[in-house]
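Following: one structure in structure tokens, then a few remarks.
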Amino acid sequence: MDLLPFAEPRTDWTAFHNFAALGGQGRISLTPRCNVACWFCHNEADVPPPLTRMDRTQQPRVRHYGAAEFLTLINAMTDAGLRRIFFTGGEPLTSPLAREVLTGLRPSGPDGSYTLITNGTLVRTHQSWLSKAPLDKIKVSLHYFSDDTFKAIAGTRIGIDCVLDGIEAAREMFKHVELNCLLQKENEHEVRDILTFALDRRMPVQFIELVGTDFNEARAKSAVPADDIIKHLRTLTSRERIEIVGVGQGRRVFDIDGVDVEVIHRDLGRHHVGQCGTCPVRPKCVEGFWALRADHAGGVQPCLLRDDLRLDVKHLLDEPGRLAEAIAGHVTAFTEGTL
């Protein structure tokens with residue numbers, strides 16, 4: 001789908017600054033490619049690997065950015081006030097640009113953070129340079145705890161030991177390493193094992209209910225509600241709190257001997273704003289507006305489910321000030337419902 005045309009820069013930064021202050025994040029997709037193909041992958045609204053495997057005529061967007069362009073974009077977003085930057089994919093470590101981008105980052109500062117989201121399989125391979133990157137956190141997706149489940153979910157012959165070793169490699173480099181696990185029928189029997197693995201290593205872990213997209217609609221029945229893991233967590237601790245402040249989905253946070261276990265729970269609502277009011281896909285939306293997604297093809301979009309709301313910014317890379325204004329203006333228009 002075509003990107004939205006660039007409009008004249010707006011001077012009202014209120015919506016963008018509010019978004020940043022409420023914990024909104026920038027998600028930088030370094031590549032849509034991945035070395036595994038999890039069936040539920042939404043690929044930051046690009047064509048996901050499972051679909052490409054089934055139909056080679058369906059390919060992700062063509063890359064327009066090099067490392068310098070990515071860094072210009074990231075710097076413009078942080079200069080404008082966005083403090084939380086996440087690097088995603090696909091699998092970001094499959095990108096030939098990953099090393100240059102991640103080691104070329106400016107320090108995040110006392111109130112900022114850079115987080116790498118990875119499937120863990122390539123962390124050990126890239127450990128020598130990753131250890132020099134100014135990352136604040138690595139978040140590893142651990143949706144499986146055996147070779148069989150890894151194959152069932154991700155369609156891969158890679159062994160689970162590769163993922164677990166990647167987690168250990170991350171812990172050798174960084175103080176903050178977290179796990180996330182999508183709840184589904186395919187891993188229902190291993191969720192408690194994943195929890196125990198995290199608690200034994202005192203790693204925070206997040207359990208997430210499935211976000212339905214057009215890409216995973218055929219397997220929507222694989223979605224598992226969070227009720228069972230919530231019930232189990234309540235047998236381990238009485239320290240439970242609910243967080244619904246800021247952007248994103250509401251979550252239940254359980255403190256187990258000082259380790260936070262989060263459950264992203266659809267029953268707690270989400271952060272819908274102006275454009276969401278008349279959105280045709282709102283009935284199935286469980287996310288709301290919590291992230292600005294920037295892809296390697298030159299687009300920025302505020303909604304995972306609305307590809308038609310992508311903004312083309314690649315022609316503004318030579319003018320970082322106008323680039324930041326364009327992104328802030330897009331957030332304003334989305335928030336006011338005028339896109």
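Order determines the names: the first chain of the structure tokens is A, the second B, and so forth; residues in each chain are numbered 1 upward, and ligands are numbered 1 upward as they are shown.
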Neighbouring residues of segment 170-172 of chain A were defined as those with any atom within 8 Å, considering only C-alpha atoms; residues of the same chain fewer than 5 positions away were excluded. Please report them as a list in words.
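With the cut-off at 8 Å, the set is Val123, Arg124, Gln127, Ile138 and Val177 of chain A.
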Name the residues in contact with Arg239 of chain A at a cut-off of 8 Å, using only C-alpha atoms, excluding same-chain residues fewer than 6 positions from it; report them as a list in words.
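Answer for this query is Phe254, Asp255 and Ile256 of chain A.
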Generate the output file for the selected residues, C-alpha atoms, as an mmCIF file, in the first residue's frame.
data_model
loop_
_atom_site.group_PDB
_atom_site.id
_atom_site.type_symbol
_atom_site.label_atom_id
_atom_site.label_comp_id
_atom_site.auth_asym_id
_atom_site.auth_seq_id
_atom_site.Cartn_x
_atom_site.Cartn_y
_atom_site.Cartn_z
ATOM 1 C CA PHE A 254 3.696 -10.103 39.996
ATOM 2 C CA ASP A 255 6.690 -9.632 42.296
ATOM 3 C CA ILE A 256 8.203 -13.033 43.029
#
What's the 7 Å shell around Cys34 of chain A, counting only C-alpha atoms, without same-chain residues fewer than 4 positions away, as a PyMOL selection string?
chain A and resi 49+90-91+94
Residue with smallest distance to Phe207 of chain A - pool A:Ile229, A:Ala326, A:Cys303, A:Cys41, counting only C-alpha atoms
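The answer is A:Ile229, which sits nearest to Phe207 of chain A.
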Run DSSP on the backbone and give me the residues of segment 97-168 of chain A it puts in helix (DSSP H, G or I), as number ranges by chain.
A: 98-103, 127-130, 147-154, 160-168
